[in-house]
>>> print(open('input02.cif').read())   # mmCIF, C-alpha atoms
data_structure
#
loop_
_atom_site.label_atom_id
_atom_site.label_comp_id
_atom_site.auth_asym_id
_atom_site.auth_seq_id
_atom_site.Cartn_x
_atom_site.Cartn_y
_atom_site.Cartn_z
CA MET A 1 90.42 107.50 91.50
CA ARG A 2 88.45 109.52 94.06
CA PRO A 3 87.49 107.20 96.88
CA ARG A 4 84.42 108.32 98.81
CA ALA A 5 84.17 105.33 101.09
CA GLY A 6 86.44 102.45 101.79
CA GLY A 7 87.27 99.94 104.41
CA HIS A 8 90.23 98.18 105.78
CA PRO A 9 88.78 96.04 108.53
CA THR A 10 91.25 93.46 109.74
CA LEU A 11 92.06 91.53 112.89
CA THR A 12 95.75 90.88 112.47
CA GLY A 13 96.88 93.53 110.00
CA PRO A 14 98.62 96.79 110.71
CA VAL A 15 97.34 100.33 110.37
CA PRO A 16 96.57 100.91 106.64
CA GLY A 17 99.56 102.26 104.70
CA LEU A 18 97.78 105.51 103.89
CA LEU A 19 97.73 106.30 107.63
CA GLN A 20 101.15 105.04 108.69
CA THR A 21 104.04 107.10 110.00
CA GLU A 22 107.34 106.52 108.27
CA THR A 23 108.79 104.76 111.32
CA TYR A 24 105.79 102.46 111.67
CA ALA A 25 105.80 101.69 107.93
CA ARG A 26 109.50 100.82 108.04
CA ALA A 27 109.06 98.55 111.09
CA THR A 28 106.03 96.83 109.54
CA LEU A 29 107.77 96.22 106.21
CA GLN A 30 110.97 94.98 107.81
CA ALA A 31 109.17 92.58 110.17
CA GLY A 32 110.28 89.03 109.59
CA GLY A 33 113.18 90.07 107.34
CA LEU A 34 111.31 89.09 104.18
CA LEU A 35 112.25 92.24 102.23
CA THR A 36 115.69 93.55 101.43
CA THR A 37 116.61 96.87 102.99
CA ASP A 38 116.34 98.56 99.57
CA GLU A 39 112.92 97.04 98.83
CA ALA A 40 111.61 98.06 102.25
CA ARG A 41 112.97 101.59 101.69
CA ARG A 42 111.22 101.83 98.29
CA ARG A 43 107.92 100.63 99.73
CA VAL A 44 108.13 103.04 102.67
CA ARG A 45 108.78 105.93 100.28
CA SER A 46 105.85 104.84 98.11
CA ARG A 47 103.53 104.79 101.14
CA MET A 48 104.68 108.20 102.26
CA ASP A 49 104.25 109.64 98.75
CA ARG A 50 100.68 108.28 98.50
CA GLN A 51 99.74 110.12 101.69
CA ALA A 52 99.94 113.41 99.79
CA VAL A 53 96.39 112.67 98.57
CA LEU A 54 95.14 113.53 102.07
CA ASP A 55 96.58 117.05 101.88
CA ARG A 56 95.61 118.06 98.38
CA GLU A 57 93.18 120.91 97.72
CA ASP A 58 90.26 118.60 96.93
CA PRO A 59 91.04 115.47 98.98
CA PRO A 60 88.97 112.32 98.75
CA HIS A 61 86.45 111.52 101.45
CA LEU A 62 87.95 108.56 103.28
CA VAL A 63 86.20 106.22 105.70
CA ILE A 64 88.36 103.57 107.36
CA VAL A 65 87.43 100.87 109.84
CA LEU A 66 90.06 99.39 112.13
CA ASP A 67 89.80 96.47 114.49
CA ALA A 68 90.52 97.49 118.10
CA ALA A 69 93.36 94.95 118.17
CA VAL A 70 95.34 97.28 115.89
CA LEU A 71 95.40 99.86 118.69
CA ARG A 72 97.08 97.39 121.06
CA ARG A 73 99.56 95.84 118.68
CA THR A 74 103.18 96.12 119.71
CA VAL A 75 106.10 96.60 117.35
CA ASN A 76 109.41 95.42 118.75
CA ASP A 77 108.26 96.53 122.23
CA ASP A 78 108.81 100.12 121.04
CA ARG A 79 106.23 102.12 122.98
CA THR A 80 107.37 105.40 121.41
CA LEU A 81 106.86 104.09 117.87
CA ILE A 82 103.33 102.92 118.67
CA ARG A 83 102.44 106.08 120.59
CA GLU A 84 103.59 108.24 117.66
CA GLN A 85 101.61 106.07 115.24
CA LEU A 86 98.46 106.31 117.36
CA GLU A 87 98.87 110.09 117.77
CA HIS A 88 99.26 110.37 113.99
CA LEU A 89 96.15 108.22 113.50
CA ALA A 90 94.22 110.53 115.85
CA ALA A 91 95.44 113.62 113.99
CA VAL A 92 94.38 112.19 110.63
CA ALA A 93 91.00 111.16 112.10
CA GLU A 94 90.37 114.81 112.95
CA LEU A 95 90.67 115.91 109.32
CA PRO A 96 87.22 116.91 108.02
CA HIS A 97 87.41 114.53 105.05
CA VAL A 98 88.55 111.48 107.04
CA GLN A 99 86.46 109.21 109.25
CA ILE A 100 88.09 106.45 111.24
CA HIS A 101 85.87 103.96 113.01
CA VAL A 102 87.05 101.27 115.41
CA VAL A 103 85.33 97.93 115.86
CA PRO A 104 85.50 97.25 119.60
CA ASP A 105 86.56 93.94 121.08
CA ASP A 106 83.06 93.16 122.29
CA ALA A 107 81.82 93.01 118.68
CA GLY A 108 83.12 89.45 118.61
CA LEU A 109 83.34 87.89 115.17
CA TYR A 110 82.18 90.20 112.38
CA PRO A 111 82.41 90.11 108.56
CA GLY A 112 85.46 92.39 108.36
CA LEU A 113 87.60 89.65 109.86
CA GLN A 114 87.42 87.83 106.52
CA GLY A 115 90.01 90.29 105.13
CA GLY A 116 90.62 93.89 104.27
CA PHE A 117 89.07 95.62 101.29
CA ILE A 118 88.47 99.01 99.75
CA LEU A 119 85.40 100.41 98.00
CA ALA A 120 86.03 103.46 95.86
CA THR A 121 83.55 105.63 94.00
CA MET A 122 85.04 106.93 90.78
CA PRO A 123 84.37 110.40 89.31
CA ASP A 124 81.69 108.90 87.05
CA ASP A 125 80.01 107.37 90.16
CA THR A 126 80.92 103.77 89.32
CA VAL A 127 82.10 101.79 92.31
CA VAL A 128 85.14 99.53 92.24
CA GLY A 129 86.46 97.27 94.93
CA HIS A 130 89.96 96.24 95.87
CA THR A 131 90.87 93.20 97.93
CA ASP A 132 94.38 92.68 99.22
CA TYR A 133 96.05 89.41 100.13
CA GLN A 134 99.58 88.37 101.03
CA VAL A 135 100.70 87.47 97.52
CA ARG A 136 98.32 89.40 95.32
CA SER A 137 95.62 92.02 95.25
CA GLN A 138 92.59 92.18 93.04
CA THR A 139 90.41 94.96 91.69
CA VAL A 140 86.78 93.95 91.26
CA SER A 141 84.00 95.73 89.42
CA GLY A 142 81.37 93.09 88.71
CA ALA A 143 77.92 93.98 90.05
CA GLY A 144 77.73 90.86 92.23
CA GLU A 145 81.19 91.36 93.70
CA ILE A 146 80.53 95.02 94.45
CA ALA A 147 77.17 94.17 96.03
CA THR A 148 78.87 91.61 98.28
CA LEU A 149 81.54 94.11 99.35
CA GLN A 150 78.91 96.80 99.97
CA LYS A 151 76.86 94.43 102.16
CA THR A 152 80.01 93.49 104.04
CA TRP A 153 80.94 97.17 104.43
CA GLU A 154 77.51 98.00 105.85
CA ALA A 155 77.70 95.06 108.28
CA VAL A 156 81.19 96.14 109.42
CA LEU A 157 80.03 99.72 109.97
CA ARG A 158 77.12 98.47 112.09
CA ASP A 159 79.62 96.84 114.46
CA ALA A 160 82.00 99.82 114.51
CA LEU A 161 81.90 102.66 116.99
CA PRO A 162 80.82 106.08 115.69
CA ARG A 163 83.52 108.56 114.65
CA ARG A 164 83.92 110.52 117.92
CA PRO A 165 84.00 107.49 120.30
CA SER A 166 86.49 105.86 117.90
CA LEU A 167 88.72 108.93 118.05
CA ASP A 168 88.49 108.92 121.85
CA LEU A 169 89.51 105.25 121.89
CA ILE A 170 92.51 105.96 119.64
CA LYS A 171 93.61 108.86 121.86
CA GLU A 172 93.23 106.76 125.00
CA ALA A 173 95.31 103.98 123.45
CA ALA A 174 98.04 106.53 122.63
CA LYS A 175 98.08 107.75 126.24
CA THR A 176 98.64 104.21 127.54
CA ARG A 177 101.84 103.96 125.45
CA THR A 178 103.83 106.48 127.49
#
>>> encode(input="input02.cif", output="structure tokens")
Amino acid sequence: MRPRAGGHPTLTGPVPGLLQTETYARATLQAGGLLTTDEARRRVRSRMDRQAVLDREDPPHLVIVLDAAVLRRTVNDDRTLIREQLEHLAAVAELPHVQIHVVPDDAGLYPGLQGGFILATMPDDTVVGHTDYQVRSQTVSGAGEIATLQKTWEAVLRDALPRRPSLDLIKEAAKTRT
């Protein structure tokens, strides 16, 4: 799969796994004590392994939208963990094949708050969608479902800040965590 555009807009969720530091991933997965230590370790390793796609010779073009609330979220009152995560997010956002957009607080309610999703364009130019929920995820490819996700994606992008102001906002949030 070669994603060209995707989204992960969410109000309450964490930074997407593809962009997480190992420490942040571990803290997120261990929150609430729902996973065993071994299961959390396996999932962290899986997330870290998937990130290799960003460094390959021909990486996918990735567009991610985050809600501004993600930049303020605390994890166990660990300012260092959050600062490192935000600095990592800023570094990834500066890669030429990655765009990170932030939906500011003043956007109010917007369609991305209905839940996170991904749109991926395959090598043959077909588009597939992926929705993720607490207990299951679903891949969708029906024309109507894809059209709905594409309309939602466009609406979310309209509310999001452009790439450079989003990066500035991420960097500013990192500075406040010292």
>>> closest_atom_pairs(input="input02.cif", of="range 15-41 of chain A", to="range 56-70 of chain A", cutoff="12 Å", atoms="all atoms listed in the file", output="Markdown table")
| residue | atom | partner | partner_atom | distance |
| --- | --- | --- | --- | --- |
| A:Val15 | CA | A:Val70 | CA | 6.6 |
| A:Pro16 | CA | A:Leu66 | CA | 8.7 |
| A:Gly17 | CA | A:Ile64 | CA | 11.6 |
| A:Leu18 | CA | A:Ile64 | CA | 10.2 |
| A:Leu19 | CA | A:Ile64 | CA | 9.8 |
>>> closest_residue(input="input02.cif", among="A:Arg41, A:Arg177, A:His97, A:Lys151", to="Leu54 in chain A", atoms="all atoms listed in the file")
A:His97
>>> residues_around(input="input02.cif", residues="Gly129 in chain A", least_positions_apart="3", cutoff="10 Å", atoms="all atoms listed in the file", output="PyMOL selection string")
chain A and resi 6-7+117-121+138-142+145-147+149-150
>>> atom_distance(input="input02.cif", atom1="CA of Thr36 in chain A", atom2="CA of Arg136 in chain A")
18.9 Å
>>> closest_residue(input="input02.cif", among="A:Arg26, A:Arg72, A:Arg42, A:Arg79", to="Pro104 in chain A", atoms="all atoms listed in the file")
A:Arg72
>>> atom_distance(input="input02.cif", atom1="CA of Thr131 in chain A", atom2="CA of Leu113 in chain A")
12.9 Å
>>> atom_distance(input="input02.cif", atom1="CA of Asp55 in chain A", atom2="CA of Glu84 in chain A")
19.4 Å
>>> closest_residue(input="input02.cif", among="A:Tyr24, A:Ala31, A:Val156, A:Glu172", to="Thr80 in chain A", atoms="only C-alpha atoms")
A:Tyr24
